[in-house]
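Pasted below: structure-v4.txt, compact mmCIF, C-alpha atoms.
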# COMPACT_ATOMS: atom_id res chain seq x y z
CA MET F 5 0.00 0.00 0.00
CA GLU F 6 1.28 3.32 -1.00
CA CYS F 7 1.70 6.03 1.48
CA GLY F 8 -0.83 8.74 1.47
CA TRP F 9 -3.41 10.59 3.35
CA SER F 10 -6.40 8.86 1.64
CA SER F 11 -7.01 6.17 4.05
CA PRO F 12 -5.93 5.08 7.44
CA GLU F 13 -3.98 2.31 5.88
CA ALA F 14 -2.23 4.76 3.59
CA ILE F 15 -1.57 7.00 6.56
CA ALA F 16 -0.38 3.97 8.48
CA SER F 17 1.77 3.10 5.54
CA CYS F 18 3.16 6.59 5.56
CA ILE F 19 3.76 6.38 9.26
CA TYR F 20 5.46 3.09 8.78
CA VAL F 21 7.61 4.48 6.01
CA ALA F 22 8.38 7.51 8.09
CA LYS F 23 9.22 5.28 10.97
CA VAL F 24 11.56 3.29 8.85
CA TRP F 25 13.26 6.40 7.53
CA PHE F 26 13.40 7.88 10.96
CA LYS F 27 15.01 4.74 12.12
CA VAL F 28 17.33 4.92 9.19
CA LEU F 29 18.01 8.50 10.01
CA ILE F 30 18.54 7.62 13.63
CA ASP F 31 20.83 4.86 12.61
CA ILE F 32 22.59 7.19 10.27
CA ALA F 33 22.78 9.75 13.04
CA GLY F 34 24.24 7.10 15.33
CA LEU F 35 26.78 6.25 12.75
CA GLY F 36 27.73 9.92 12.58
CA SER F 37 28.22 10.16 16.31
CA LEU F 38 30.36 7.13 16.22
CA ALA F 39 32.30 8.60 13.41
CA LEU F 40 32.49 11.84 15.26
CA ILE F 41 33.60 10.13 18.37
CA THR F 42 36.05 8.10 16.35
CA LEU F 43 37.26 11.27 14.77
CA LEU F 44 37.55 12.92 18.11
CA ILE F 45 39.43 9.98 19.45
CA TRP F 46 41.73 10.08 16.46
CA LEU F 47 42.17 13.76 16.90
CA PHE F 48 42.93 13.30 20.58
CA ARG F 49 45.40 10.63 19.85
CA ARG F 50 46.91 12.78 17.17
CA LEU F 51 47.09 15.68 19.52
CA ARG F 52 48.62 13.53 22.24
CA GLY F 53 51.17 12.24 19.73
CA ASP F 54 51.89 15.75 18.62
CA LEU F 55 52.10 16.84 22.23
CA LYS F 56 54.56 14.05 22.96
CA LYS F 57 56.55 14.99 19.91
CA TRP F 58 56.45 18.61 21.03
CA GLU F 59 57.56 17.63 24.51
CA GLU F 60 60.32 15.50 23.04
CA GLU F 61 61.33 18.30 20.73
CA THR F 62 61.16 20.71 23.65
CA ALA F 63 63.32 18.37 25.70
CA ARG F 64 65.76 18.06 22.80
CA GLU F 65 65.78 21.79 22.37
CA LYS F 66 66.46 22.12 26.11
CA GLU F 67 69.28 19.62 25.86
CA LEU F 68 70.56 21.42 22.81
CA ARG F 69 70.36 24.72 24.69
CA GLN F 70 72.16 23.17 27.66
CA TYR F 71 74.75 21.66 25.35
CA ALA F 72 75.03 24.96 23.58
CA GLU F 73 75.44 26.73 26.91
CA GLN F 74 78.08 24.20 28.02
CA ALA F 75 79.76 24.45 24.65
CA SER F 76 79.69 28.22 24.99
CA LYS F 77 81.17 28.00 28.46
CA HIS F 78 83.85 25.57 27.23
CA ALA F 79 84.51 27.83 24.31
CA GLU F 80 84.75 30.80 26.64
CA HIS F 81 87.07 28.81 28.97
CA ARG F 82 89.20 27.75 26.04
CA ALA F 83 89.24 31.30 24.83
CA ASN F 84 90.30 32.51 28.29
CA LEU F 85 92.88 29.72 28.50
CA ALA F 86 94.16 30.55 25.05
CA GLU F 87 94.35 34.19 26.03
CA SER F 88 96.21 33.25 29.24
CA VAL F 89 98.59 30.98 27.33
CA ALA F 90 99.09 33.69 24.75
CA ALA F 91 99.83 36.21 27.51
CA ARG F 92 102.16 33.75 29.22
CA ASP F 93 103.88 32.94 25.94
CA LYS F 94 104.19 36.62 25.24
CA ALA F 95 105.70 37.18 28.69
CA ALA F 96 107.99 34.19 28.17
CA LEU F 97 108.99 35.58 24.80
CA GLU F 98 109.73 38.94 26.38
CA ASP F 99 111.73 37.20 29.13
CA LEU F 100 113.56 35.22 26.48
CA LYS F 101 114.32 38.40 24.59
CA ARG F 102 115.60 40.03 27.78
CA THR F 103 117.59 36.87 28.60
CA VAL F 104 119.08 36.79 25.14
CA VAL F 105 120.00 40.45 25.41
CA ALA F 106 121.38 39.90 28.93
CA SER F 107 123.23 36.79 27.77
CA GLU F 108 124.73 38.74 24.93
CA ASP F 109 125.80 41.46 27.36
CA ASP F 110 127.07 38.86 29.81
CA LEU F 111 128.87 37.04 27.01
CA ARG F 112 130.47 40.28 25.96
CA ARG F 113 131.52 40.93 29.56
CA GLN F 114 132.87 37.39 29.85
CA VAL F 115 134.79 37.83 26.62
CA VAL F 116 136.22 41.11 27.90
CA THR F 117 137.05 39.48 31.27
CA ALA F 118 138.68 36.55 29.51
CA GLN F 119 140.66 38.92 27.32
CA VAL F 120 141.80 40.86 30.39
CA ALA F 121 142.69 37.63 32.21
CA LEU F 122 144.56 36.37 29.16
CA ALA F 123 146.44 39.64 28.86
CA ASP F 124 147.22 39.53 32.59
CA ALA F 125 148.39 35.91 32.38
CA THR F 126 150.47 36.72 29.31
CA ALA F 127 152.03 39.67 31.12
CA ARG F 128 152.74 37.52 34.17
CA ILE F 129 154.32 34.80 32.08
CA ALA F 130 156.36 37.39 30.19
CA GLY F 131 157.42 38.93 33.49
CA ALA F 132 158.36 35.54 34.89
CA LEU F 133 160.36 34.73 31.76
CA GLU F 134 162.10 38.09 31.99
CA LEU F 135 162.94 37.48 35.63
CA THR F 136 164.26 33.99 35.05
CA ALA F 137 166.22 35.14 32.00
CA GLY F 138 168.08 37.58 34.23
CA GLY F 139 169.38 34.85 36.52
CA THR F 140 168.65 34.16 40.17
CA GLY F 141 170.03 37.50 41.31
CA LYS F 142 167.52 39.45 39.22
CA PHE F 143 164.75 36.98 40.07
CA TRP F 144 165.09 37.67 43.80
CA SER F 145 165.83 41.40 43.45
CA ARG F 146 162.31 42.51 42.64
CA PRO F 147 161.01 45.54 44.60
CA VAL F 148 159.67 44.72 48.05
CA GLY F 149 155.99 43.80 48.17
CA ASN F 150 153.55 42.95 50.94
CA ARG F 151 155.63 41.82 53.92
CA LEU F 152 155.13 41.73 57.68
CA ASP F 153 154.45 44.98 59.52
CA ASP F 154 157.42 46.89 61.00
CA TYR F 155 159.88 44.54 59.32
CA GLU F 156 162.86 46.90 59.44
CA ARG F 157 162.19 47.98 63.03
CA ARG F 158 161.84 44.37 64.15
CA LEU F 159 165.00 43.30 62.35
CA ALA F 160 166.98 46.25 63.73
CA SER F 161 166.07 45.17 67.27
CA SER F 162 166.29 41.42 66.61
CA ILE F 163 168.42 38.93 68.50
CA PRO F 164 171.56 37.95 66.51
CA THR F 165 170.43 35.82 63.58
CA LEU F 166 173.45 34.35 61.83
CA LEU F 167 173.16 33.12 58.26
CA PHE F 168 175.87 30.67 57.17
CA GLY F 169 175.84 30.59 53.40
CA ASN F 170 177.94 30.03 50.33
CA GLN F 171 176.79 29.23 46.82
CA LYS F 172 179.52 26.61 46.63
CA GLY F 173 178.67 23.27 48.22
CA GLY F 174 180.91 20.88 50.10
CA VAL F 175 182.51 23.53 52.32
CA GLY F 176 181.55 21.99 55.69
CA LYS F 177 178.76 24.50 56.31
CA SER F 178 176.34 22.13 58.07
CA THR F 179 179.10 20.77 60.33
CA LEU F 180 180.06 24.34 61.21
CA VAL F 181 176.49 25.42 62.04
CA THR F 182 175.78 22.28 64.09
CA ASN F 183 178.87 22.53 66.27
CA LEU F 184 178.71 26.30 66.66
CA SER F 185 175.12 26.02 67.87
CA ALA F 186 176.22 23.45 70.45
CA ALA F 187 179.08 25.73 71.53
CA PHE F 188 176.76 28.74 71.92
CA ALA F 189 174.31 26.62 73.93
CA SER F 190 177.16 25.42 76.15
CA LYS F 191 178.00 29.06 76.86
CA GLY F 192 174.55 29.53 78.36
CA GLU F 193 172.72 30.91 75.32
CA ARG F 194 169.32 29.65 74.30
CA VAL F 195 169.88 28.75 70.66
CA LEU F 196 167.54 27.97 67.77
CA THR F 197 168.91 26.58 64.51
CA VAL F 198 167.02 26.60 61.21
CA ASP F 199 167.84 24.17 58.41
CA LEU F 200 166.99 25.60 54.97
CA ASP F 201 168.79 22.95 52.93
CA TYR F 202 166.41 20.17 51.84
CA GLN F 203 169.33 17.71 51.87
CA GLY F 204 168.96 17.93 55.65
CA SER F 205 172.60 17.42 56.69
CA HIS F 206 172.27 19.68 59.73
CA SER F 207 168.91 18.11 60.65
CA SER F 208 170.40 14.62 60.37
CA LEU F 209 173.19 15.52 62.79
CA MET F 210 170.68 16.89 65.27
CA GLU F 211 168.55 13.76 64.93
CA LEU F 212 171.64 11.60 65.39
CA GLU F 213 172.48 13.45 68.59
CA LYS F 214 168.96 12.76 69.87
CA GLY F 215 169.42 9.06 69.19
CA ALA F 216 167.03 9.08 66.25
CA GLY F 217 169.64 8.72 63.53
CA ASP F 218 167.85 5.72 62.01
CA GLN F 219 164.90 7.95 61.07
CA GLU F 220 164.63 10.46 58.26
CA PRO F 221 164.29 14.04 59.52
CA GLU F 222 160.82 15.52 59.29
CA SER F 223 160.73 18.57 57.05
CA LEU F 224 159.08 20.82 59.60
CA ILE F 225 160.43 23.97 57.98
CA ASP F 226 157.57 23.49 55.50
CA TYR F 227 155.13 24.94 58.06
CA LEU F 228 156.90 28.32 57.96
CA PHE F 229 156.61 28.72 54.19
CA GLN F 230 152.84 28.47 53.80
CA GLU F 231 150.93 31.56 52.70
CA GLU F 232 149.03 31.48 55.99
CA ILE F 233 151.23 30.29 58.84
CA ASP F 234 149.70 27.67 61.11
CA PRO F 235 148.77 29.19 64.51
CA ASN F 236 150.43 26.19 66.19
CA TRP F 237 153.65 26.36 64.15
CA LEU F 238 155.83 26.70 67.28
CA LYS F 239 154.77 23.28 68.52
CA LEU F 240 154.64 21.78 65.05
CA ALA F 241 158.01 22.97 63.72
CA ILE F 242 160.49 23.18 66.60
CA ARG F 243 162.33 20.15 68.01
CA GLN F 244 164.65 19.96 71.03
CA VAL F 245 168.15 18.51 71.35
CA THR F 246 168.92 19.88 74.80
CA GLU F 247 167.10 22.29 77.03
CA THR F 248 168.95 25.24 75.47
CA LEU F 249 169.41 23.92 71.93
CA HIS F 250 166.40 23.67 69.62
CA TYR F 251 166.12 23.28 65.86
CA ILE F 252 163.72 23.39 62.92
CA PRO F 253 164.53 20.48 60.58
CA ALA F 254 164.30 20.32 56.79
CA PHE F 255 164.23 17.42 54.38
CA TYR F 256 163.40 16.66 50.75
CA SER F 257 159.72 17.69 50.79
CA PHE F 258 160.97 21.24 51.34
CA GLU F 259 162.28 21.26 47.77
CA LEU F 260 158.70 20.82 46.52
CA VAL F 261 157.54 23.67 48.74
CA GLU F 262 160.30 25.92 47.39
CA ARG F 263 159.51 25.16 43.76
CA ARG F 264 155.76 25.64 44.16
CA VAL F 265 156.08 28.97 45.97
CA GLU F 266 158.77 30.22 43.58
CA TYR F 267 156.53 29.53 40.57
CA GLN F 268 153.55 31.16 42.26
CA TRP F 269 155.57 34.25 43.10
CA ALA F 270 157.05 34.49 39.61
CA LEU F 271 153.52 34.46 38.16
CA GLY F 272 152.21 36.98 40.68
CA ALA F 273 149.88 34.41 42.24
CA THR F 274 150.69 35.12 45.91
CA LYS F 275 149.23 37.75 48.23
CA ASP F 276 152.47 38.30 50.14
CA ASP F 277 156.13 38.84 49.38
CA VAL F 278 157.33 35.27 49.77
CA ARG F 279 160.90 36.36 50.59
CA TYR F 280 159.76 37.31 54.11
CA ARG F 281 157.86 34.21 55.20
CA LEU F 282 160.71 32.99 57.41
CA ALA F 283 161.17 36.48 58.87
CA ARG F 284 157.46 36.45 59.73
CA ALA F 285 158.19 33.56 62.11
CA LEU F 286 161.69 34.40 63.39
CA LEU F 287 160.86 38.04 64.15
CA SER F 288 157.75 37.07 66.08
CA GLN F 289 157.52 37.83 69.78
CA ASP F 290 157.47 34.10 70.56
CA ILE F 291 160.92 33.56 69.06
CA GLN F 292 162.46 36.89 70.01
CA GLY F 293 161.41 36.50 73.62
CA THR F 294 162.56 32.88 73.94
CA TYR F 295 165.99 32.62 72.32
CA ASP F 296 169.29 34.52 72.54
CA ARG F 297 170.59 33.58 69.10
CA ILE F 298 169.48 31.96 65.84
CA LEU F 299 171.78 30.11 63.43
CA ILE F 300 170.58 29.41 59.89
CA ASP F 301 172.07 26.72 57.67
CA ALA F 302 171.48 28.05 54.13
CA PRO F 303 171.48 25.88 51.02
CA PRO F 304 174.29 26.16 48.44
CA ARG F 305 171.71 27.40 45.95
CA PHE F 306 170.05 30.77 45.38
CA THR F 307 166.60 29.39 46.21
CA LEU F 308 163.53 30.52 48.12
CA GLY F 309 165.04 29.05 51.31
CA PHE F 310 168.28 30.95 50.90
CA VAL F 311 166.58 34.29 50.19
CA ASN F 312 164.29 33.84 53.18
CA GLY F 313 167.30 33.17 55.36
CA PHE F 314 168.90 36.31 53.92
CA CYS F 315 165.83 38.44 54.68
CA ALA F 316 165.52 37.11 58.25
CA SER F 317 169.19 37.50 59.30
CA THR F 318 171.28 40.19 60.94
CA HIS F 319 174.73 38.75 60.07
CA LEU F 320 176.18 36.68 57.24
CA TYR F 321 179.11 34.31 57.65
CA VAL F 322 180.59 32.66 54.60
CA PRO F 323 182.19 29.24 55.22
CA THR F 324 184.72 28.29 52.56
CA VAL F 325 187.42 25.77 51.92
CA VAL F 326 190.67 27.70 51.89
CA ASP F 327 192.12 26.90 48.49
CA SER F 328 192.49 28.62 45.14
CA LEU F 329 189.40 26.91 43.70
CA SER F 330 187.15 28.56 46.29
CA THR F 331 188.39 32.12 45.77
CA SER F 332 186.17 32.90 42.76
CA ALA F 333 183.11 31.42 44.50
CA VAL F 334 183.53 33.82 47.45
CA GLY F 335 183.89 36.80 45.11
CA ALA F 336 180.77 35.80 43.12
CA PHE F 337 178.82 35.36 46.32
CA ALA F 338 179.93 38.80 47.53
CA ARG F 339 178.64 40.31 44.27
CA GLN F 340 175.23 38.66 44.76
CA PHE F 341 175.20 39.87 48.38
CA SER F 342 175.92 43.49 47.37
CA GLU F 343 173.15 43.42 44.74
CA LEU F 344 170.51 41.84 46.98
CA ARG F 345 171.22 43.57 50.29
CA PRO F 346 169.98 47.15 49.54
CA ILE F 347 166.75 45.82 48.05
CA VAL F 348 165.55 43.17 50.47
CA ASN F 349 167.52 43.53 53.73
CA PRO F 350 169.70 46.61 54.28
CA HIS F 351 170.32 45.54 57.89
CA ILE F 352 172.28 42.36 57.24
CA GLN F 353 176.04 42.63 57.74
CA TRP F 354 178.76 40.68 55.96
CA ALA F 355 180.31 39.54 59.23
CA GLY F 356 183.17 37.40 58.00
CA ILE F 357 184.59 34.56 55.93
CA VAL F 358 185.23 31.40 57.94
CA GLY F 359 187.95 28.99 56.82
CA THR F 360 186.78 25.38 56.98
CA MET F 361 188.32 22.03 56.21
CA THR F 362 191.81 23.63 56.28
CA PHE F 363 195.03 21.72 56.54
CA ILE F 364 196.62 21.69 60.01
CA ASN F 365 199.30 24.26 60.69
CA PRO F 366 201.88 22.37 62.77
CA ARG F 367 202.92 25.59 64.48
CA ASP F 368 199.37 26.64 65.45
CA PRO F 369 196.37 24.33 64.71
CA LEU F 370 193.93 27.28 64.77
CA THR F 371 195.69 29.36 62.10
CA LEU F 372 196.28 28.95 58.38
CA THR F 373 199.33 27.55 56.70
CA ASN F 374 201.26 29.92 54.43
CA ALA F 375 199.72 28.46 51.28
CA ALA F 376 196.21 28.62 52.73
CA GLY F 377 196.91 32.17 53.88
CA GLU F 378 197.52 33.25 50.31
CA ALA F 379 194.22 31.67 49.19
CA ALA F 380 192.43 33.36 52.09
CA SER F 381 193.88 36.73 51.07
CA ALA F 382 192.74 36.19 47.46
CA ALA F 383 189.21 35.34 48.60
CA GLU F 384 189.19 38.36 50.91
CA ARG F 385 190.28 40.74 48.16
CA ALA F 386 187.64 39.36 45.79
CA ALA F 387 184.96 39.97 48.39
CA GLN F 388 186.27 43.44 49.25
CA ARG F 389 186.09 44.51 45.60
CA GLN F 390 182.47 43.48 45.35
CA LEU F 391 181.49 45.00 48.69
CA GLY F 392 183.46 48.22 48.19
CA THR F 393 185.37 47.99 51.47
CA GLN F 394 188.91 47.60 52.74
CA GLU F 395 187.91 46.15 56.09
CA PRO F 396 189.27 42.69 56.98
CA LEU F 397 186.71 40.08 56.01
CA PHE F 398 188.48 36.76 56.56
CA ILE F 399 188.53 35.37 60.09
CA ARG F 400 192.09 34.10 60.14
CA GLU F 401 191.98 32.80 63.68
CA PRO F 402 190.47 30.46 64.46
CA VAL F 403 189.87 28.31 61.40
CA ILE F 404 188.15 24.93 61.29
CA LYS F 405 190.77 22.36 60.45
CA ARG F 406 190.38 19.22 58.41
CA ASP F 407 190.46 16.89 61.41
CA ALA F 408 189.96 13.14 61.70
CA ASP F 409 188.63 13.49 65.25
CA LEU F 410 185.94 15.90 63.98
CA ALA F 411 184.94 13.48 61.23
CA ARG F 412 184.71 10.52 63.63
CA ALA F 413 182.78 12.47 66.24
CA THR F 414 180.34 13.72 63.58
CA GLU F 415 179.33 10.13 62.87
CA LYS F 416 177.81 10.06 66.37
CA GLY F 417 175.97 13.36 66.05
CA ILE F 418 177.25 16.72 67.27
CA ALA F 419 181.04 16.49 67.50
CA TYR F 420 181.23 19.35 70.01
CA PHE F 421 179.30 17.25 72.53
CA ASN F 422 181.03 13.96 71.71
CA ASP F 423 184.75 14.82 71.48
CA SER F 424 186.52 17.32 73.69
CA SER F 425 189.43 17.60 71.25
CA VAL F 426 187.33 19.51 68.73
CA ARG F 427 185.83 21.99 71.18
CA GLN F 428 188.78 24.36 71.23
CA MET F 429 188.38 25.62 67.67
CA PHE F 430 184.59 26.06 67.96
CA ASP F 431 184.89 27.79 71.35
CA ALA F 432 187.46 30.14 69.84
CA LEU F 433 185.17 30.92 66.90
CA VAL F 434 182.25 31.50 69.29
CA THR F 435 184.32 34.14 71.05
CA VAL F 436 185.00 35.93 67.76
CA ILE F 437 181.36 35.83 66.71
CA GLN F 438 180.08 36.97 70.10
CA ALA F 439 182.31 40.03 69.83
CA LYS F 440 180.78 40.83 66.47
CA ALA F 441 177.20 39.83 67.36
CA PRO F 442 176.73 39.71 71.14
CA PRO F 443 173.74 37.76 72.45
CA ARG F 444 170.78 39.34 74.10
CA MET F 445 170.77 37.41 77.36
CA THR F 446 167.62 39.01 78.71
CA ARG F 447 164.09 37.75 78.24
CA LEU F 448 161.52 40.06 76.67

Any chance you could give the structure as structure tokens?
Amino acid sequence: MECGWSSPEAIASCIYVAKVWFKVLIDIAGLGSLALITLLIWLFRRLRGDLKKWEEETAREKELRQYAEQASKHAEHRANLAESVAARDKAALEDLKRTVVASEDDLRRQVVTAQVALADATARIAGALELTAGGTGKFWSRPVGNRLDDYERRLASSIPTLLFGNQKGGVGKSTLVTNLSAAFASKGERVLTVDLDYQGSHSSLMELEKGAGDQEPESLIDYLFQEEIDPNWLKLAIRQVTETLHYIPAFYSFELVERRVEYQWALGATKDDVRYRLARALLSQDIQGTYDRILIDAPPRFTLGFVNGFCASTHLYVPTVVDSLSTSAVGAFARQFSELRPIVNPHIQWAGIVGTMTFINPRDPLTLTNAAGEAASAAERAAQRQLGTQEPLFIREPVIKRDADLARATEKGIAYFNDSSVRQMFDALVTVIQAKAPPRMTRL
């Protein structure tokens, strides 16, 4: 039945149709809601996904910002560090430049100093060569340098200091000094002897007298020739034979001391005038106030030891064999004495020539034979010419004879103590010397 308004059935049919369509519409409407809901759900999910992506992107952006901030800070730190390093490097470069400049200046100064030192060394070597070329006399005749205070005053008031020297060896010098020192000591004088000959003949005789002849002498004279004298040198250097006879021994090590100091002085490498090192000790209050006389056994060589003995002495005695061969040696020695004396020690006196190892005069054992007398006169004249004097220089009485008793007694030590037969000639010579150089028998 068709829908219409003509009949109830048509109306009912219309209602039915309407109902169906309404239902369809309702159903369609329901489907729309579902779709809408589905759409909304999809949109929600899409939004939530977008939100999550946004949050993730925001988080990444935050991380990127943080990383960027950290990277910026690191970059800033590195920049600061680089700037600091650059500043430090610049400062180091400036320091290096200054150092280089200073080093150049220092190098220049060192070069100049080296040139000055080289010139000084060359001058010293040239001076030393000039000195040595002039012989020993010129070598030791240099102007006086830095020596002990009040040297001349001390020497002028010194106890008699007797130097026994001759540039000719084998004249019996050590035997003479040893026995004279014993004779002076026997006369009541307090005597000190000084051995300046590194062969040590005098020292060996003193050791033999002490009963120590089987031992080599100690070279204690070495202590007195150091640039700075040992404060204890009195105890270190002096040995005793008797209560009134003391000595300072020398032996072969003294030669090394002499050579070393001579070279140093020639090159100008010493602070003091080395010619006065012995005088520094012998003119001290300790020696001057203890002894009445000093005897020095000089070497037969113009060495440091000899010159020191020369500068420390008040009197010179020249022992010589009385024969024609010894005449020229005495004259040559007198020439060296006259050249050296006014420069280094104007106070020393040529006190006499002593005849030693002479042949016995049967008429008078203490005087010379006629032949020896002629040789003595020749030696005396040679010395007088060099010294510019006419005064007698040769001690003609007594003389020291060539005596077998003296030779035998010397084998035991000091002959003066060991054989009374030899005492006469040494006692007689002591009397002559005391008249020329009297002792100072008072204590300071």

Check the smallest atom-to-atom distance from each of F:Cys315, F:Ile291, F:Ile418, F:Cys18 to Met210 of chain F using all atoms listed in the file, then report the winner.
F:Ile418

Could you list, as an MDAnalysis selection string, every residue within 8 Å of Ala333 of chain F, counting all atoms listed in the file and ignoring same-chain residues fewer than 4 positions away?
chainID F and resid 170:172 329 337

Output C-alpha atoms of each residue in that selection to a file, as a compact mmCIF listing (two decimals), keeping the file's coordinate frame.
# COMPACT_ATOMS: atom_id res chain seq x y z
CA ASN F 170 177.94 30.03 50.33
CA GLN F 171 176.79 29.23 46.82
CA LYS F 172 179.52 26.61 46.63
CA LEU F 329 189.40 26.91 43.70
CA PHE F 337 178.82 35.36 46.32

Which of F:Ala160, F:Ala241, F:Ala375, F:Val311 sits closest to Asp226 of chain F [using only C-alpha atoms]:
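Checking each candidate against Asp226 of chain F, we get F:Ala241 as the closest.
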
Tell me, in Å to one decimal, how far atom CA of Gly335 of chain F is from atom CA of Ala386 of chain F.
4.6 Å

In Å, with one decimal, what is the gap from atom CA of Ala285 of chain F to atom CA of Glu222 of chain F?
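The value is 18.4 Å.
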
Smallest atom-to-atom distance to Pro442 of chain F: which of F:Trp144, F:Trp58, F:Phe398, F:Phe188, using only C-alpha atoms?
F:Phe188

I'd like the interatomic distance between atom CA of Leu240 of chain F and atom CA of Tyr227 of chain F, to a tenth of an Å.
7.7 Å

Nearest-residue call for Ala338 of chain F, choices F:Glu384, F:Asp93, F:Glu73, F:Asp301, using only C-alpha atoms
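Residue with the minimum atom-to-atom distance to Ala338 of chain F: F:Glu384.
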
Which polymer residues, whether protein, DNA or RNA, lie within 7 Å of the coordinate (153.0, 27.3, 47.9) when you count only C-alpha atoms? List them as a compact mmCIF listing (two decimals) with C-alpha atoms, in the frame of the given file, using the chain letters and numbers from the file.
# COMPACT_ATOMS: atom_id res chain seq x y z
CA GLN F 230 152.84 28.47 53.80
CA GLU F 231 150.93 31.56 52.70
CA VAL F 261 157.54 23.67 48.74
CA ARG F 264 155.76 25.64 44.16
CA VAL F 265 156.08 28.97 45.97
CA GLN F 268 153.55 31.16 42.26

Using only C-alpha atoms for the distances, tell me which of F:Pro303, F:Gly272, F:Pro235, F:Pro323 is nearest to Glu259 of chain F.
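Under the stated criterion, the closest residue is F:Pro303.
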
Please work out which residues fall within 12 Å of (173.1, 39.8, 43.4), coordinates as given in the file, with all atoms listed in the file counting, and return them as a ChimeraX atom specification.
/F:138-146,171,306,311,314,335-348,390-391

Using all atoms listed in the file for the distances, tell me which of F:Tyr420, F:Tyr155, F:Trp354, F:Phe430 is nearest to Thr393 of chain F.
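When distances to Thr393 of chain F are compared using all atoms listed in the file, the smallest one comes from F:Trp354.
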
Find the residues near Gln289 of chain F: any atom within 12 Å, counting all atoms listed in the file, skip ones fewer than 5 places away on the same chain, and give them as an MDAnalysis selection string.
chainID F and resid 158:159 161:163 238 283:284 294:295 447:448

Selected residues written out, C-alpha atoms, as a PDB file, in the coordinates of the input:
ATOM      1  CA  ARG F 158     161.840  44.370  64.150  1.00  0.00           C
ATOM      2  CA  LEU F 159     165.000  43.300  62.350  1.00  0.00           C
ATOM      3  CA  SER F 161     166.070  45.170  67.270  1.00  0.00           C
ATOM      4  CA  SER F 162     166.290  41.420  66.610  1.00  0.00           C
ATOM      5  CA  ILE F 163     168.420  38.930  68.500  1.00  0.00           C
ATOM      6  CA  LEU F 238     155.830  26.700  67.280  1.00  0.00           C
ATOM      7  CA  ALA F 283     161.170  36.480  58.870  1.00  0.00           C
ATOM      8  CA  ARG F 284     157.460  36.450  59.730  1.00  0.00           C
ATOM      9  CA  THR F 294     162.560  32.880  73.940  1.00  0.00           C
ATOM     10  CA  TYR F 295     165.990  32.620  72.320  1.00  0.00           C
ATOM     11  CA  ARG F 447     164.090  37.750  78.240  1.00  0.00           C
ATOM     12  CA  LEU F 448     161.520  40.060  76.670  1.00  0.00           C
TER      13      LEU F 448
END

Write out as a PyMOL selection string the residues lying within 8 Å of Glu213 of chain F, counting all atoms listed in the file and excluding same-chain residues fewer than 3 positions away.
chain F and resi 209-210+216-217+245+416-418

Nearby residues (all atoms listed in the file) at most 9 Å from segment 359-362 of chain F, same-chain spacing under 4 positions excluded, as a PyMOL selection string:
chain F and resi 175-177+180+322-327+372-373+376+380+398-407

Keeping C-alpha atoms for every residue in the selection just given, could you write it to a file as a compact mmCIF listing (two decimals), keeping the file's coordinate frame?
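Just written: out27.txt:
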# COMPACT_ATOMS: atom_id res chain seq x y z
CA VAL F 175 182.51 23.53 52.32
CA GLY F 176 181.55 21.99 55.69
CA LYS F 177 178.76 24.50 56.31
CA LEU F 180 180.06 24.34 61.21
CA VAL F 322 180.59 32.66 54.60
CA PRO F 323 182.19 29.24 55.22
CA THR F 324 184.72 28.29 52.56
CA VAL F 325 187.42 25.77 51.92
CA VAL F 326 190.67 27.70 51.89
CA ASP F 327 192.12 26.90 48.49
CA LEU F 372 196.28 28.95 58.38
CA THR F 373 199.33 27.55 56.70
CA ALA F 376 196.21 28.62 52.73
CA ALA F 380 192.43 33.36 52.09
CA PHE F 398 188.48 36.76 56.56
CA ILE F 399 188.53 35.37 60.09
CA ARG F 400 192.09 34.10 60.14
CA GLU F 401 191.98 32.80 63.68
CA PRO F 402 190.47 30.46 64.46
CA VAL F 403 189.87 28.31 61.40
CA ILE F 404 188.15 24.93 61.29
CA LYS F 405 190.77 22.36 60.45
CA ARG F 406 190.38 19.22 58.41
CA ASP F 407 190.46 16.89 61.41
